[in-house]
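Peer 1: What follows is a single structure, and I will ask about it in a moment.
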Amino acid sequence: MDHVFMRTLGLLGGMSWESTVSYYQTINRIVGQRLGAVHSARLLLHSVDFADIETLQRSGQWDEAGALLAAAAVKLQAAGAEGLVICANTMHKVAPIIEAAIDIPLLHIADCTAAAVAQAGLVKLGLLGTRYTMEQDFLHKPLRENGLQILVPDEDGRDVVHRIIYDELVKGIIEPTSRAIYQQEIATLTLQGAEGIILGCTEIGLLLTQADSALPLFDTAQLHAEYAARWMLREVSAPATAI
(Lines give C-alpha, C1' and ligand atoms only; values in the text may rest on other atoms or scores of the structure.)
Protein backbone atom coordinates (compact mmCIF):
# COMPACT_ATOMS: atom_id res chain seq x y z
CA MET A 1 0.00 0.00 0.00
CA ASP A 2 1.29 3.44 -0.92
CA HIS A 3 1.58 5.41 2.30
CA VAL A 4 0.65 8.67 0.56
CA PHE A 5 -2.97 7.51 0.64
CA MET A 6 -3.04 7.41 4.44
CA ARG A 7 -5.60 9.80 5.87
CA THR A 8 -4.79 12.08 8.81
CA LEU A 9 -6.94 11.40 11.87
CA GLY A 10 -7.83 13.74 14.72
CA LEU A 11 -8.17 12.32 18.23
CA LEU A 12 -10.29 14.01 20.89
CA GLY A 13 -8.63 12.49 23.93
CA GLY A 14 -7.89 12.87 27.60
CA MET A 15 -11.21 11.36 28.74
CA SER A 16 -9.23 9.84 30.33
CA TRP A 17 -5.67 9.99 29.06
CA GLU A 18 -5.17 6.45 30.39
CA SER A 19 -7.42 5.06 27.66
CA THR A 20 -6.31 7.58 25.04
CA VAL A 21 -2.88 5.93 25.25
CA SER A 22 -4.44 2.68 24.04
CA TYR A 23 -5.91 4.45 20.99
CA TYR A 24 -2.52 5.90 20.08
CA GLN A 25 -0.77 2.56 20.48
CA THR A 26 -3.36 0.47 18.65
CA ILE A 27 -3.66 2.81 15.68
CA ASN A 28 0.10 3.11 15.27
CA ARG A 29 0.62 -0.64 15.55
CA ILE A 30 -1.98 -1.41 12.88
CA VAL A 31 -0.59 1.20 10.51
CA GLY A 32 2.92 -0.15 11.06
CA GLN A 33 1.78 -3.72 10.42
CA ARG A 34 -0.07 -2.78 7.24
CA LEU A 35 2.58 -0.50 5.73
CA GLY A 36 5.71 -2.15 7.12
CA ALA A 37 9.16 -0.61 7.51
CA VAL A 38 9.02 2.20 10.07
CA HIS A 39 5.64 3.63 9.11
CA SER A 40 3.45 5.16 11.80
CA ALA A 41 0.06 6.84 11.88
CA ARG A 42 -0.67 10.43 10.89
CA LEU A 43 -2.43 11.59 14.05
CA LEU A 44 -3.39 14.90 15.59
CA LEU A 45 -4.29 14.80 19.29
CA HIS A 46 -6.21 17.29 21.38
CA SER A 47 -6.11 16.04 24.95
CA VAL A 48 -8.47 17.87 27.29
CA ASP A 49 -8.15 18.35 31.03
CA PHE A 50 -10.58 15.65 32.16
CA ALA A 51 -11.36 17.56 35.36
CA ASP A 52 -13.13 20.20 33.24
CA ILE A 53 -15.18 17.56 31.43
CA GLU A 54 -16.00 15.58 34.58
CA THR A 55 -17.28 18.70 36.33
CA LEU A 56 -19.61 19.45 33.42
CA GLN A 57 -20.79 15.83 33.30
CA ARG A 58 -21.57 15.77 37.01
CA SER A 59 -23.52 19.04 36.86
CA GLY A 60 -25.46 17.98 33.77
CA GLN A 61 -23.95 20.73 31.60
CA TRP A 62 -23.73 18.58 28.50
CA ASP A 63 -24.18 21.42 26.02
CA GLU A 64 -21.23 23.23 27.58
CA ALA A 65 -19.14 20.05 27.42
CA GLY A 66 -20.16 19.61 23.81
CA ALA A 67 -19.16 23.17 22.98
CA LEU A 68 -15.75 22.60 24.59
CA LEU A 69 -15.12 19.48 22.52
CA ALA A 70 -16.56 21.06 19.37
CA ALA A 71 -14.06 23.91 19.67
CA ALA A 72 -11.26 21.37 19.96
CA ALA A 73 -12.62 19.47 16.95
CA VAL A 74 -12.60 22.65 14.86
CA LYS A 75 -8.93 23.16 15.75
CA LEU A 76 -8.11 19.58 14.74
CA GLN A 77 -9.85 20.07 11.40
CA ALA A 78 -7.99 23.33 10.82
CA ALA A 79 -4.72 21.54 11.60
CA GLY A 80 -5.39 19.01 8.84
CA ALA A 81 -7.49 16.22 10.34
CA GLU A 82 -9.58 14.47 7.66
CA GLY A 83 -11.66 12.52 10.18
CA LEU A 84 -12.25 12.50 13.92
CA VAL A 85 -12.70 10.07 16.78
CA ILE A 86 -13.87 10.79 20.32
CA CYS A 87 -11.67 8.58 22.52
CA ALA A 88 -14.46 7.96 25.04
CA ASN A 89 -17.90 6.37 25.07
CA THR A 90 -19.65 8.82 27.40
CA MET A 91 -18.79 11.90 25.38
CA HIS A 92 -20.53 10.44 22.33
CA LYS A 93 -23.56 11.93 24.09
CA VAL A 94 -22.45 15.25 22.57
CA ALA A 95 -21.48 13.80 19.18
CA PRO A 96 -24.22 15.79 17.37
CA ILE A 97 -22.82 19.06 18.75
CA ILE A 98 -19.34 18.14 17.54
CA GLU A 99 -20.57 16.98 14.13
CA ALA A 100 -22.44 20.24 13.60
CA ALA A 101 -19.20 22.19 14.08
CA ILE A 102 -17.01 20.31 11.58
CA ASP A 103 -17.00 19.33 7.92
CA ILE A 104 -15.12 16.05 8.35
CA PRO A 105 -16.59 12.67 9.33
CA LEU A 106 -16.88 11.61 12.96
CA LEU A 107 -16.20 7.88 13.29
CA HIS A 108 -18.82 6.82 15.85
CA ILE A 109 -17.93 4.20 18.43
CA ALA A 110 -21.33 2.51 18.08
CA ASP A 111 -20.75 1.64 14.41
CA CYS A 112 -17.73 -0.57 14.95
CA THR A 113 -19.17 -2.05 18.13
CA ALA A 114 -22.42 -3.07 16.45
CA ALA A 115 -20.49 -4.49 13.49
CA ALA A 116 -18.31 -6.63 15.74
CA VAL A 117 -21.31 -7.98 17.65
CA ALA A 118 -23.14 -8.73 14.39
CA GLN A 119 -20.09 -10.56 13.05
CA ALA A 120 -20.16 -12.71 16.20
CA GLY A 121 -23.82 -13.49 15.58
CA LEU A 122 -25.01 -12.22 18.97
CA VAL A 123 -28.15 -10.25 19.82
CA LYS A 124 -28.49 -9.82 23.60
CA LEU A 125 -25.57 -7.93 25.15
CA GLY A 126 -24.73 -6.73 28.62
CA LEU A 127 -23.40 -3.18 28.74
CA LEU A 128 -20.92 -1.90 31.34
CA GLY A 129 -19.84 1.72 31.40
CA THR A 130 -20.31 4.98 33.20
CA ARG A 131 -23.70 5.61 34.75
CA TYR A 132 -24.37 8.06 31.88
CA THR A 133 -23.69 5.40 29.26
CA MET A 134 -25.63 2.67 31.04
CA GLU A 135 -28.68 4.80 31.82
CA GLN A 136 -28.99 7.25 28.93
CA ASP A 137 -29.88 6.61 25.31
CA PHE A 138 -26.98 7.98 23.27
CA LEU A 139 -25.27 4.55 22.99
CA HIS A 140 -28.30 2.32 23.60
CA LYS A 141 -30.23 3.84 20.71
CA PRO A 142 -27.75 3.23 17.88
CA LEU A 143 -27.07 -0.27 19.21
CA ARG A 144 -30.80 -1.04 19.31
CA GLU A 145 -31.16 0.36 15.80
CA ASN A 146 -28.62 -2.27 14.75
CA GLY A 147 -30.87 -5.00 16.13
CA LEU A 148 -29.21 -5.49 19.52
CA GLN A 149 -30.91 -5.98 22.88
CA ILE A 150 -29.07 -4.24 25.72
CA LEU A 151 -28.98 -5.27 29.37
CA VAL A 152 -27.40 -3.23 32.18
CA PRO A 153 -26.72 -3.92 35.87
CA ASP A 154 -29.25 -2.99 38.54
CA GLU A 155 -29.05 0.27 40.49
CA ASP A 156 -26.41 -0.94 42.92
CA GLY A 157 -24.43 -2.55 40.13
CA ARG A 158 -24.48 0.63 38.07
CA ASP A 159 -23.27 2.60 41.08
CA VAL A 160 -20.24 0.40 41.71
CA VAL A 161 -19.31 0.05 38.03
CA HIS A 162 -19.42 3.84 37.67
CA ARG A 163 -17.50 4.46 40.88
CA ILE A 164 -14.66 2.14 39.90
CA ILE A 165 -14.28 3.94 36.57
CA TYR A 166 -14.03 7.42 38.09
CA ASP A 167 -12.24 6.62 41.35
CA GLU A 168 -9.77 4.10 39.94
CA LEU A 169 -9.55 3.41 36.21
CA VAL A 170 -9.29 7.00 34.96
CA LYS A 171 -6.37 7.37 37.38
CA GLY A 172 -4.68 4.18 36.15
CA ILE A 173 -5.49 2.30 39.38
CA ILE A 174 -6.11 -1.40 38.73
CA GLU A 175 -7.45 -3.36 41.71
CA PRO A 176 -8.05 -7.13 41.73
CA THR A 177 -11.06 -6.57 44.01
CA SER A 178 -12.61 -4.28 41.40
CA ARG A 179 -12.00 -6.89 38.71
CA ALA A 180 -13.88 -9.39 40.86
CA ILE A 181 -16.78 -6.94 41.23
CA TYR A 182 -17.00 -6.52 37.47
CA GLN A 183 -16.87 -10.30 37.03
CA GLN A 184 -19.82 -10.62 39.42
CA GLU A 185 -21.80 -8.07 37.40
CA ILE A 186 -21.01 -10.06 34.26
CA ALA A 187 -22.21 -13.25 35.98
CA THR A 188 -25.48 -11.53 36.90
CA LEU A 189 -25.99 -10.29 33.33
CA THR A 190 -25.25 -13.80 32.08
CA LEU A 191 -28.09 -15.16 34.22
CA GLN A 192 -30.35 -12.54 32.62
CA GLY A 193 -29.55 -13.91 29.18
CA ALA A 194 -26.58 -11.84 28.02
CA GLU A 195 -24.65 -13.56 25.22
CA GLY A 196 -21.73 -11.16 25.37
CA ILE A 197 -20.56 -8.05 27.22
CA ILE A 198 -19.88 -4.63 25.72
CA LEU A 199 -17.14 -2.84 27.64
CA GLY A 200 -18.83 0.50 27.06
CA CYS A 201 -16.19 2.65 28.71
CA THR A 202 -12.78 2.98 27.13
CA GLU A 203 -11.06 2.42 30.49
CA ILE A 204 -12.66 -0.95 31.30
CA GLY A 205 -10.28 -2.76 28.97
CA LEU A 206 -7.51 -1.71 31.35
CA LEU A 207 -9.17 -3.85 34.04
CA LEU A 208 -10.73 -6.76 32.15
CA THR A 209 -9.42 -9.04 29.41
CA GLN A 210 -11.13 -11.93 27.69
CA ALA A 211 -9.48 -14.28 30.19
CA ASP A 212 -11.64 -12.69 32.90
CA SER A 213 -14.97 -13.59 31.29
CA ALA A 214 -16.66 -16.73 30.03
CA LEU A 215 -18.76 -14.53 27.73
CA PRO A 216 -17.16 -12.79 24.76
CA LEU A 217 -16.07 -9.24 25.59
CA PHE A 218 -16.36 -6.39 23.10
CA ASP A 219 -13.80 -3.77 24.11
CA THR A 220 -15.08 -0.56 22.54
CA ALA A 221 -11.72 1.22 22.84
CA GLN A 222 -9.96 -1.53 20.92
CA LEU A 223 -12.72 -1.85 18.33
CA HIS A 224 -12.87 1.92 17.82
CA ALA A 225 -9.10 2.27 17.42
CA GLU A 226 -8.98 -0.62 14.95
CA TYR A 227 -11.83 0.91 12.97
CA ALA A 228 -10.07 4.28 12.95
CA ALA A 229 -6.82 2.75 11.69
CA ARG A 230 -8.63 0.90 8.90
CA TRP A 231 -10.39 4.14 7.93
CA MET A 232 -7.04 5.95 7.81
CA LEU A 233 -5.76 3.26 5.45
CA ARG A 234 -8.93 3.47 3.32
CA GLU A 235 -9.95 -0.09 4.11
CA VAL A 236 -13.37 1.09 5.34
CA SER A 237 -15.51 4.14 4.69
CA ALA A 238 -17.10 6.45 7.21
CA PRO A 239 -20.90 6.14 7.44
CA ALA A 240 -22.77 8.27 4.93
CA THR A 241 -24.94 9.67 7.72
CA ALA A 242 -24.15 10.27 11.34
CA ILE A 243 -25.81 8.27 14.10
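Residues in the C-alpha coordinates are named by chain (A, B, ... in the order shown) and by number from 1 within that chain; ligands are numbered from 1 in the order shown.
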Please identify all polymer residues within 10 Å of Thr133 in chain A, counting only C-alpha atoms, omitting same-chain residues fewer than 5 positions from it, and present them as a VMD selection string.
Peer 2: chain A and resid 89 to 93 127 to 128 138 to 140 152 162 200 to 201
Peer 1: May I have the selected residues written with all heavy atoms, as a short mmCIF file (atom, residue, chain, number, x, y, z; two decimals), in the first residue's frame?
Peer 2:
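Once everything was written out, this is part-v8.cif:
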```
data_model
loop_
_atom_site.label_atom_id
_atom_site.label_comp_id
_atom_site.auth_asym_id
_atom_site.auth_seq_id
_atom_site.Cartn_x
_atom_site.Cartn_y
_atom_site.Cartn_z
N ASN A 89 -16.50 6.70 25.35
CA ASN A 89 -17.90 6.37 25.07
C ASN A 89 -18.84 7.47 25.54
O ASN A 89 -19.71 7.92 24.79
CB ASN A 89 -18.28 5.06 25.78
CG ASN A 89 -17.84 3.83 25.03
OD1 ASN A 89 -18.55 3.32 24.18
ND2 ASN A 89 -16.66 3.35 25.36
N THR A 90 -18.68 7.90 26.80
CA THR A 90 -19.65 8.82 27.40
C THR A 90 -19.80 10.10 26.60
O THR A 90 -20.92 10.60 26.42
CB THR A 90 -19.24 9.15 28.85
OG1 THR A 90 -19.25 7.94 29.62
CG2 THR A 90 -20.18 10.16 29.47
N MET A 91 -18.69 10.62 26.07
CA MET A 91 -18.79 11.90 25.38
C MET A 91 -19.37 11.79 23.97
O MET A 91 -19.56 12.79 23.30
CB MET A 91 -17.43 12.59 25.38
CG MET A 91 -16.95 12.98 26.78
SD MET A 91 -18.24 13.73 27.83
CE MET A 91 -18.53 15.27 26.95
N HIS A 92 -19.72 10.56 23.55
CA HIS A 92 -20.53 10.44 22.33
C HIS A 92 -21.94 10.99 22.56
O HIS A 92 -22.68 11.18 21.60
CB HIS A 92 -20.57 8.99 21.85
CG HIS A 92 -19.36 8.61 21.05
ND1 HIS A 92 -18.13 8.37 21.63
CD2 HIS A 92 -19.19 8.46 19.71
CE1 HIS A 92 -17.26 8.06 20.68
NE2 HIS A 92 -17.86 8.12 19.51
N LYS A 93 -22.28 11.25 23.81
CA LYS A 93 -23.56 11.93 24.09
C LYS A 93 -23.62 13.27 23.37
O LYS A 93 -24.70 13.71 22.95
CB LYS A 93 -23.73 12.13 25.60
CG LYS A 93 -25.01 12.86 25.99
CD LYS A 93 -25.16 12.94 27.50
CE LYS A 93 -26.34 13.82 27.89
NZ LYS A 93 -27.64 13.22 27.51
N LEU A 127 -24.15 -4.41 28.95
CA LEU A 127 -23.40 -3.18 28.74
C LEU A 127 -22.88 -2.66 30.08
O LEU A 127 -23.66 -2.39 31.00
CB LEU A 127 -24.28 -2.12 28.08
CG LEU A 127 -23.69 -0.71 27.95
CD1 LEU A 127 -22.49 -0.71 27.01
CD2 LEU A 127 -24.75 0.28 27.46
N LEU A 128 -21.56 -2.52 30.18
CA LEU A 128 -20.92 -1.90 31.34
C LEU A 128 -20.30 -0.59 30.91
O LEU A 128 -19.71 -0.50 29.82
CB LEU A 128 -19.83 -2.82 31.91
CG LEU A 128 -20.26 -4.21 32.36
CD1 LEU A 128 -19.05 -5.01 32.84
CD2 LEU A 128 -21.33 -4.15 33.45
N PHE A 138 -27.84 7.61 24.40
CA PHE A 138 -26.98 7.98 23.27
C PHE A 138 -26.19 6.80 22.71
O PHE A 138 -25.83 6.80 21.54
CB PHE A 138 -26.03 9.12 23.67
CG PHE A 138 -25.14 8.82 24.86
CD1 PHE A 138 -23.91 8.21 24.70
CD2 PHE A 138 -25.55 9.17 26.14
CE1 PHE A 138 -23.10 7.94 25.79
CE2 PHE A 138 -24.74 8.92 27.24
CZ PHE A 138 -23.51 8.28 27.06
N LEU A 139 -25.92 5.76 23.52
CA LEU A 139 -25.27 4.55 22.99
C LEU A 139 -26.29 3.43 22.81
O LEU A 139 -26.22 2.69 21.83
CB LEU A 139 -24.14 4.10 23.92
CG LEU A 139 -23.21 3.03 23.33
CD1 LEU A 139 -22.49 3.55 22.08
CD2 LEU A 139 -22.18 2.56 24.36
N HIS A 140 -27.24 3.33 23.74
CA HIS A 140 -28.30 2.32 23.60
C HIS A 140 -29.01 2.43 22.26
O HIS A 140 -29.24 1.42 21.58
CB HIS A 140 -29.36 2.50 24.70
CG HIS A 140 -28.94 2.05 26.06
ND1 HIS A 140 -29.60 1.09 26.77
CD2 HIS A 140 -27.90 2.43 26.85
CE1 HIS A 140 -29.03 0.90 27.94
NE2 HIS A 140 -27.99 1.72 28.01
N VAL A 152 -28.35 -3.93 31.31
CA VAL A 152 -27.40 -3.23 32.18
C VAL A 152 -27.58 -3.73 33.61
O VAL A 152 -28.62 -4.31 33.95
CB VAL A 152 -27.59 -1.70 32.14
CG1 VAL A 152 -27.34 -1.16 30.73
CG2 VAL A 152 -28.98 -1.30 32.64
N HIS A 162 -19.74 2.43 37.92
CA HIS A 162 -19.42 3.84 37.67
C HIS A 162 -18.32 4.32 38.62
O HIS A 162 -17.37 4.98 38.20
CB HIS A 162 -20.69 4.68 37.86
CG HIS A 162 -20.52 6.15 37.63
ND1 HIS A 162 -20.75 6.75 36.41
CD2 HIS A 162 -20.14 7.15 38.47
CE1 HIS A 162 -20.52 8.05 36.51
NE2 HIS A 162 -20.15 8.32 37.75
N GLY A 200 -18.39 -0.78 27.60
CA GLY A 200 -18.83 0.50 27.06
C GLY A 200 -18.22 1.70 27.73
O GLY A 200 -18.85 2.76 27.83
N CYS A 201 -17.01 1.54 28.22
CA CYS A 201 -16.19 2.65 28.71
C CYS A 201 -14.78 2.32 28.26
O CYS A 201 -14.33 1.18 28.42
CB CYS A 201 -16.28 2.77 30.22
SG CYS A 201 -15.10 3.96 30.91
#
```
Peer 1: Can you tell me, as a PyMOL selection string, what residues are no more than 12 Å from range 227-231 of chain A when counting only C-alpha atoms, ignoring any on the same chain fewer than 2 positions away?
Peer 2: chain A and resi 5-11+23-35+40-43+82-87+105-116+220-225+233-239
Peer 1: Give me, as a VMD selection string, the residues of range 54-224 of chain A that a backbone DSSP run labels alpha helix (DSSP H).
Peer 2: chain A and resid 54 to 58 62 to 78 95 to 101 109 to 120 131 to 135 137 to 145 155 to 167 176 to 191 220 to 224
Peer 1: Ranking A:Ala65, A:Leu189, A:Ala180, A:Ala194 by minimum distance to Leu207 in chain A and counting only C-alpha atoms, which one comes first?
Peer 2: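 Among the listed residues, the smallest separation from Leu207 in chain A belongs to A:Ala180.
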Peer 1: So, with only C-alpha atoms as the atoms that count, which of A:Val94, A:Leu208, A:Leu215, A:Leu125 lies closest to Pro153 in chain A?
Peer 2: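 Using only C-alpha atoms, the shortest distance to Pro153 in chain A belongs to A:Leu125.
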Peer 1: I'd like the neighbourhood of Ala72 in chain A as a list in words, where a residue qualifies if any of its atoms comes within 10 Å (using only C-alpha atoms), though same-chain residues fewer than 2 positions away should be ignored.
Peer 2: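 Result of the neighbour search: Gly10, Leu11, Leu12, Leu45, His46, Ser47, Val48, Gly66, Ala67, Leu68, Leu69, Ala70, Val74, Lys75, Leu76, Gln77, Ala78, Ile98 and Ala101 of chain A.
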Peer 1: When distances are computed from only C-alpha atoms, which of A:Gly126, A:Gly147, A:Gly13, A:Pro216 shows the smallest separation from Gly193 in chain A?
Peer 2: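 When distances to Gly193 in chain A are compared using only C-alpha atoms, the smallest one comes from A:Gly126.
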Peer 1: As an MDAnalysis selection string, list the residues of range 10-189 of chain A assigned to strand (DSSP E or B) by DSSP on the backbone atoms of this structure.
Peer 2: chainID A and resid 10:13 43:47 83:86 106 124:128 149:151
Peer 1: Which residue is closest to Trp62 in chain A? Choose from A:Leu217, A:Ile104, A:Ile97, A:Leu199 and count only C-alpha atoms.
Peer 2: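 Of the candidates, the smallest distance to Trp62 in chain A is held by A:Ile97.
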Peer 1: So, counting only C-alpha atoms, which residue among A:Leu148, A:Leu191, A:Ile173, A:Ile204 is closest to Val161 in chain A?
Peer 2: A:Ile204
Peer 1: Choose the residue, out of A:Ile186, A:Val170, A:Leu122, A:Leu206, that has the smallest atom-to-atom separation from Phe50 in chain A; count only C-alpha atoms.
Peer 2: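 Result for the nearest residue to Phe50 in chain A: A:Val170.
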Peer 1: For CA of Ala120 in chain A and CA of Asn146 in chain A, quote the distance in Å rounded to one decimal.
Peer 2: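 So the two atoms, CA of Ala120 in chain A and CA of Asn146 in chain A, lie 13.5 Å apart.
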Peer 1: Interatomic distance between CA of Glu64 in chain A and CA of Trp17 in chain A?
Peer 2: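 Here the two named atoms are 20.5 Å from each other.
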